[in-house]
2 protein chains.
Amino acid sequence: MGPDPLHRHNGRMSNTAISRPARRTERPAYGRDSLLEVAVAVFNERGYDGTGMEELARRLGLSKSSIYHHVAGKEELLSLAVTRALDSLFAVLDEGPAPDTSATARLRHVVRRSVEVLAAELPYVTLLLRLHGNSDTERQALARRREFDQRVADLVLRAAAEGGIRHDIDPHLASRLLFGTVNSLIEWYRPDGNLPVTTLADSLTAVLFEGLSRQGAAGAGPGRPSGRIQD
Amino acid sequence: MGPDPLHRHNGRMSNTAISRPARRTERPAYGRDSLLEVAVAVFNERGYDGTGMEELARRLGLSKSSIYHHVAGKEELLSLAVTRALDSLFAVLDEGPAPDTSATARLRHVVRRSVEVLAAELPYVTLLLRLHGNSDTERQALARRREFDQRVADLVLRAAAEGGIRHDIDPHLASRLLFGTVNSLIEWYRPDGNLPVTTLADSLTAVLFEGLSRQGAAGAGPGRPSGRIQD
DNA sequence: GCACGCTAACCGAATGTTCGGTCGGTACAC
DNA sequence: GTGTACCGACCGAACATTCGGTTAGCGTGC
């Protein structure tokens, strides 16, 4: 029926001890960042729409109203999270090998770095990849995400023009498979497991780039350029 | 929730009007199946938790209360959808080449047929793959899904033991990449586009099986067996 | 051939519950 | 005494679901 009446104890949870300004008092006190971290974790567990502010408060060890002391509301938490994810992803495109390098080499770099970003910012990217576009915030994030996808697709196209991709696979399909596989990492990869990110990135790029580059003769392979993809 | 509440003759199939008995009014006159089809489409657009019964009613051209004439509630719609998806997926495992065929050949068949099922039952599988486990219904579905994944992973392990998978890639990782890529199809593949399922399945199996089978020497490839993956 | 009852299909107006969010206030560090 | 961090109590809106009907077509008796 009713929740247990807690007598104003601040039993703050242990982890997420951001040790920036050397806290002296034993009052941990959430900042925006540590609060966001917990919120995103819960959003990913139950889904953004499936998470209530009350459940969020419970997991934070706070009351519902206290959350509004730190952020404007539920939607701001979402906005902060996906902006962080998108900024990290776009940074990958603007760094990397000089533009005069071969497109194939640059693509390889983008894939590898995307895997690393995905691992480093896993909760934030996970939230981004599961948006539905139910609010303005979500729709704007999806628009930025589509822009990212578009720029990667262009790079794949240039790699294909260089001959970096086997001719019996449509470059548009190659894009989809490449980043479909990369994005599917959010479904199972856990950075705290015993598979290092470097090994993951090595294996993923090896499998996909070798599969995408070599002309195949294995059993039931096709021989003609395949159908185009829309959108 | 639990057992299906009686199964009297359900109405009509999806709008392939066979006009079997007699003509109804000009109204759509939904049966369970056609109603489910619309509902699942809306669930996939806005997310299950993000879809209200009112929005559902609007899209059906019905009143909210009329939905309850056909199904017990929102959760039954979800249950019907994911059961259909899971039944189709498990059927793939139980058909196919005889058990005395090589594991590699059987795996290839499972991957190809999974792609086909994914395309044929796209909305239902999409809904399944996006569950969070917020209710008993969802948790039961996720349990069945994990069982499917486990059986596929076993098959990959046997294929690896046969030598069907290159030795510098851990079979557990190979499983994840393989079905990560297959499952990522729900994010972009549309059966009504101009990429036929057969071409898709050909290309996907070609890229992945060639990438996974051949020992690589392309640039930055690893050389040792990679780290293990947990659960 | 038509009156009658039956039922599937539907609706508008409610039900209680949960939602995201607000408000006035307390504790305490500096 | 001012600012930061927090809380319980509360609010209107939206939620899934229920209830008491109405309508239309079909089968049957006659």
# chains A, B, ... in the order shown; residues from 1 in each chain; ligands from 1
>>> interface_residues(of="chain C", to="chain A", cutoff="10 Å", atoms="only C-alpha atoms (C1' of nucleotides)", output="list in words")
DT18, DC19, DG20, DG21, DT22, DC23, DA27 and DA29 of chain C
>>> residues_around(residues="A:Phe179", least_positions_apart="5", cutoff="9 Å", atoms="only C-alpha atoms (C1' of nucleotides)", output="PyMOL selection string")
(chain A and resi 111+149+152+174+184) or (chain B and resi 181+184)
>>> write_last_selection(atoms="N, CA, C and O atoms", output="PDB file, in the first residue's frame")
ATOM      1  N   VAL A 111      34.585   2.963 -38.919  1.00  0.00           N
ATOM      2  CA  VAL A 111      33.961   1.788 -38.321  1.00  0.00           C
ATOM      3  C   VAL A 111      34.633   1.447 -36.990  1.00  0.00           C
ATOM      4  O   VAL A 111      33.974   1.258 -35.966  1.00  0.00           O
ATOM      5  N   ASP A 149      24.187   8.850 -40.442  1.00  0.00           N
ATOM      6  CA  ASP A 149      24.080   7.681 -41.320  1.00  0.00           C
ATOM      7  C   ASP A 149      24.362   8.067 -42.775  1.00  0.00           C
ATOM      8  O   ASP A 149      25.017   7.330 -43.519  1.00  0.00           O
ATOM      9  N   VAL A 152      28.044   8.542 -43.445  1.00  0.00           N
ATOM     10  CA  VAL A 152      28.735   7.257 -43.519  1.00  0.00           C
ATOM     11  C   VAL A 152      28.416   6.557 -44.833  1.00  0.00           C
ATOM     12  O   VAL A 152      29.308   6.000 -45.486  1.00  0.00           O
ATOM     13  N   ALA A 174      25.712  -2.626 -48.487  1.00  0.00           N
ATOM     14  CA  ALA A 174      26.944  -2.743 -47.697  1.00  0.00           C
ATOM     15  C   ALA A 174      26.900  -1.795 -46.501  1.00  0.00           C
ATOM     16  O   ALA A 174      27.231  -2.181 -45.367  1.00  0.00           O
ATOM     17  N   SER A 184      24.281  -3.146 -33.697  1.00  0.00           N
ATOM     18  CA  SER A 184      23.720  -4.280 -32.961  1.00  0.00           C
ATOM     19  C   SER A 184      24.559  -4.623 -31.734  1.00  0.00           C
ATOM     20  O   SER A 184      24.132  -5.399 -30.877  1.00  0.00           O
TER      21      SER A 184
ATOM     22  N   THR B 181      23.807  -8.990 -36.830  1.00  0.00           N
ATOM     23  CA  THR B 181      23.593  -8.466 -38.178  1.00  0.00           C
ATOM     24  C   THR B 181      22.204  -8.847 -38.690  1.00  0.00           C
ATOM     25  O   THR B 181      21.485  -8.002 -39.239  1.00  0.00           O
ATOM     26  N   SER B 184      19.566  -6.853 -36.978  1.00  0.00           N
ATOM     27  CA  SER B 184      19.594  -5.419 -37.285  1.00  0.00           C
ATOM     28  C   SER B 184      18.800  -5.108 -38.557  1.00  0.00           C
ATOM     29  O   SER B 184      18.541  -3.938 -38.850  1.00  0.00           O
TER      30      SER B 184
END
>>> closest_residue(among="A:Pro196, A:Gly164, A:Gly61, A:Pro171", to="chain D", atoms="only C-alpha atoms (C1' of nucleotides)")
A:Gly61
>>> residues_around(residues="C:DT7", least_positions_apart="3", cutoff="12 Å", atoms="only C-alpha atoms (C1' of nucleotides)", output="JSON, numbers by chain")
{"D": [23, 24, 25, 26, 27]}
>>> write_last_selection(atoms="all heavy atoms", output="tab-separated table (two decimals), in the first residue's frame")
chain	number	residue	atom	x	y	z
D	23	DT	P	-30.09	3.17	-32.42
D	23	DT	OP1	-30.18	4.57	-32.87
D	23	DT	OP2	-31.30	2.43	-31.99
D	23	DT	O5'	-29.36	2.32	-33.54
D	23	DT	C5'	-27.99	2.55	-33.82
D	23	DT	C4'	-27.43	1.35	-34.54
D	23	DT	O4'	-27.23	0.27	-33.61
D	23	DT	C3'	-28.33	0.79	-35.65
D	23	DT	O3'	-27.62	0.89	-36.87
D	23	DT	C2'	-28.59	-0.66	-35.23
D	23	DT	C1'	-27.40	-0.92	-34.31
D	23	DT	N1	-27.55	-2.01	-33.30
D	23	DT	C2	-26.66	-3.07	-33.33
D	23	DT	O2	-25.78	-3.18	-34.13
D	23	DT	N3	-26.88	-4.02	-32.36
D	23	DT	C4	-27.87	-4.02	-31.39
D	23	DT	O4	-27.96	-4.92	-30.58
D	23	DT	C5	-28.75	-2.87	-31.42
D	23	DT	C7	-29.87	-2.79	-30.42
D	23	DT	C6	-28.56	-1.93	-32.37
D	24	DA	P	-28.45	0.81	-38.25
D	24	DA	OP1	-27.95	1.87	-39.14
D	24	DA	OP2	-29.89	0.69	-37.96
D	24	DA	O5'	-27.93	-0.59	-38.80
D	24	DA	C5'	-26.53	-0.87	-38.76
D	24	DA	C4'	-26.30	-2.34	-39.02
D	24	DA	O4'	-26.58	-3.11	-37.82
D	24	DA	C3'	-27.21	-2.93	-40.12
D	24	DA	O3'	-26.43	-3.81	-40.88
D	24	DA	C2'	-28.27	-3.69	-39.32
D	24	DA	C1'	-27.45	-4.17	-38.13
D	24	DA	N9	-28.23	-4.45	-36.94
D	24	DA	C8	-29.32	-3.77	-36.47
D	24	DA	N7	-29.80	-4.24	-35.35
D	24	DA	C5	-28.97	-5.31	-35.05
D	24	DA	C6	-28.96	-6.23	-33.98
D	24	DA	N6	-29.84	-6.20	-32.98
D	24	DA	N1	-27.99	-7.18	-33.99
D	24	DA	C2	-27.12	-7.18	-35.00
D	24	DA	N3	-27.03	-6.37	-36.06
D	24	DA	C4	-28.00	-5.45	-36.02
D	25	DG	P	-26.85	-4.11	-42.42
D	25	DG	OP1	-25.72	-3.66	-43.27
D	25	DG	OP2	-28.22	-3.60	-42.66
D	25	DG	O5'	-26.88	-5.70	-42.44
D	25	DG	C5'	-25.69	-6.42	-42.16
D	25	DG	C4'	-26.05	-7.71	-41.47
D	25	DG	O4'	-26.81	-7.45	-40.27
D	25	DG	C3'	-26.91	-8.66	-42.32
D	25	DG	O3'	-26.27	-9.91	-42.36
D	25	DG	C2'	-28.24	-8.72	-41.57
D	25	DG	C1'	-27.76	-8.48	-40.14
D	25	DG	N9	-28.80	-8.05	-39.21
D	25	DG	C8	-29.68	-7.01	-39.36
D	25	DG	N7	-30.50	-6.88	-38.35
D	25	DG	C5	-30.13	-7.90	-37.48
D	25	DG	C6	-30.66	-8.25	-36.20
D	25	DG	O6	-31.58	-7.73	-35.58
D	25	DG	N1	-30.00	-9.35	-35.66
D	25	DG	C2	-28.95	-10.02	-36.27
D	25	DG	N2	-28.44	-11.04	-35.59
D	25	DG	N3	-28.44	-9.70	-37.44
D	25	DG	C4	-29.08	-8.62	-37.99
D	26	DC	P	-26.65	-10.93	-43.60
D	26	DC	OP1	-25.58	-10.74	-44.60
D	26	DC	OP2	-28.07	-10.77	-44.00
D	26	DC	O5'	-26.51	-12.36	-42.95
D	26	DC	C5'	-25.86	-12.55	-41.70
D	26	DC	C4'	-26.71	-13.43	-40.80
D	26	DC	O4'	-27.63	-12.60	-40.04
D	26	DC	C3'	-27.59	-14.45	-41.55
D	26	DC	O3'	-27.09	-15.75	-41.30
D	26	DC	C2'	-29.00	-14.24	-41.00
D	26	DC	C1'	-28.76	-13.39	-39.75
D	26	DC	N1	-29.87	-12.45	-39.45
D	26	DC	C2	-30.56	-12.57	-38.23
D	26	DC	O2	-30.25	-13.45	-37.44
D	26	DC	N3	-31.58	-11.69	-37.96
D	26	DC	C4	-31.90	-10.75	-38.85
D	26	DC	N4	-32.90	-9.92	-38.53
D	26	DC	C5	-31.22	-10.62	-40.09
D	26	DC	C6	-30.22	-11.48	-40.36
D	27	DG	P	-27.84	-17.04	-42.03
D	27	DG	OP1	-26.79	-18.04	-42.27
D	27	DG	OP2	-28.70	-16.57	-43.13
D	27	DG	O5'	-28.79	-17.57	-40.86
D	27	DG	C5'	-28.25	-17.83	-39.57
D	27	DG	C4'	-29.33	-18.40	-38.67
D	27	DG	O4'	-30.28	-17.34	-38.32
D	27	DG	C3'	-30.15	-19.52	-39.30
D	27	DG	O3'	-30.36	-20.52	-38.30
D	27	DG	C2'	-31.45	-18.84	-39.73
D	27	DG	C1'	-31.58	-17.69	-38.72
D	27	DG	N9	-32.19	-16.46	-39.27
D	27	DG	C8	-31.94	-15.88	-40.49
D	27	DG	N7	-32.61	-14.77	-40.68
D	27	DG	C5	-33.35	-14.61	-39.51
D	27	DG	C6	-34.26	-13.59	-39.14
D	27	DG	O6	-34.61	-12.60	-39.80
D	27	DG	N1	-34.78	-13.80	-37.87
D	27	DG	C2	-34.46	-14.87	-37.06
D	27	DG	N2	-35.06	-14.91	-35.87
D	27	DG	N3	-33.62	-15.85	-37.39
D	27	DG	C4	-33.09	-15.64	-38.63
>>> residues_around(residues="stretch 96-99 of chain B", least_positions_apart="2", cutoff="12 Å", atoms="only C-alpha atoms (C1' of nucleotides)", output="list in words")
Phe90, Ala91, Val92, Leu93, Asp94, Thr101, Ser102, Ala103, Thr104, Ala105, Arg106, Leu107, Arg108, His109, Val110, Val111, Arg112, Arg113, Ser114, Leu155 and Arg158 of chain B
>>> closest_atom_pairs(of="chain D", to="chain A", cutoff="9 Å", atoms="only C-alpha atoms (C1' of nucleotides)", output="JSON lines")
{"residue": "D:DA5", "atom": "C1'", "partner": "A:Ala29", "partner_atom": "CA", "distance": 7.2}
{"residue": "D:DC6", "atom": "C1'", "partner": "A:Ser66", "partner_atom": "CA", "distance": 5.9}
{"residue": "D:DC7", "atom": "C1'", "partner": "A:Ser63", "partner_atom": "CA", "distance": 6.6}
>>> write_last_selection(atoms="N, CA, C and O atoms (P, O5', C5', C4', C3', O3' and C1' of nucleotides)", output="mmCIF file, in the first residue's frame")
data_model
loop_
_atom_site.group_PDB
_atom_site.id
_atom_site.type_symbol
_atom_site.label_atom_id
_atom_site.label_comp_id
_atom_site.auth_asym_id
_atom_site.auth_seq_id
_atom_site.Cartn_x
_atom_site.Cartn_y
_atom_site.Cartn_z
ATOM 1 P P DA D 5 23.706 21.412 -4.894
ATOM 2 O "O5'" DA D 5 22.739 20.472 -4.052
ATOM 3 C "C5'" DA D 5 23.203 19.920 -2.811
ATOM 4 C "C4'" DA D 5 22.018 19.320 -2.085
ATOM 5 C "C3'" DA D 5 21.150 18.385 -2.945
ATOM 6 O "O3'" DA D 5 21.263 17.077 -2.416
ATOM 7 C "C1'" DA D 5 19.831 19.831 -1.594
ATOM 8 P P DC D 6 20.522 15.873 -3.166
ATOM 9 O "O5'" DC D 6 19.076 15.864 -2.520
ATOM 10 C "C5'" DC D 6 18.961 15.513 -1.151
ATOM 11 C "C4'" DC D 6 17.684 16.056 -0.573
ATOM 12 C "C3'" DC D 6 16.403 15.383 -1.029
ATOM 13 O "O3'" DC D 6 16.218 14.178 -0.298
ATOM 14 C "C1'" DC D 6 16.142 17.705 -0.500
ATOM 15 P P DC D 7 15.171 13.119 -0.746
ATOM 16 O "O5'" DC D 7 13.821 13.630 -0.084
ATOM 17 C "C5'" DC D 7 13.746 13.787 1.335
ATOM 18 C "C4'" DC D 7 12.461 14.499 1.688
ATOM 19 C "C3'" DC D 7 11.210 13.822 1.142
ATOM 20 O "O3'" DC D 7 10.554 13.146 2.187
ATOM 21 C "C1'" DC D 7 11.139 16.220 0.870
#
>>> residues_around(residues="D:DT22", least_positions_apart="4", cutoff="12 Å", atoms="only C-alpha atoms (C1' of nucleotides)", output="VMD selection string")
chain C and resid 9 to 12
>>> atom_distance(atom1="atom CA of B:Ala143", atom2="atom CA of A:Leu127")
22.6 Å
>>> residues_around(residues="A:Leu77", least_positions_apart="5", cutoff="12 Å", atoms="only C-alpha atoms (C1' of nucleotides)", output="VMD selection string")
chain A and resid 32 to 43 48 53 56 67 to 68 70 to 72 82 to 84 124 127 137 to 138
>>> closest_residue(among="A:Asn134, A:Ser175, A:Gln150, A:Ser88", to="chain B", atoms="only C-alpha atoms")
A:Asn134
>>> select_by_dssp(residues="stretch 118-163 of chain A", states="helix (DSSP H, G or I)", output="PyMOL selection string")
chain A and resi 118-120+122-129+136-161
>>> closest_residue(among="B:Asp154, B:His132, B:Asp170, B:Asp100", to="chain A", atoms="only C-alpha atoms")
B:His132
>>> atom_distance(atom1="atom CA of A:Gly193", atom2="atom CA of B:Asp168")
19.0 Å
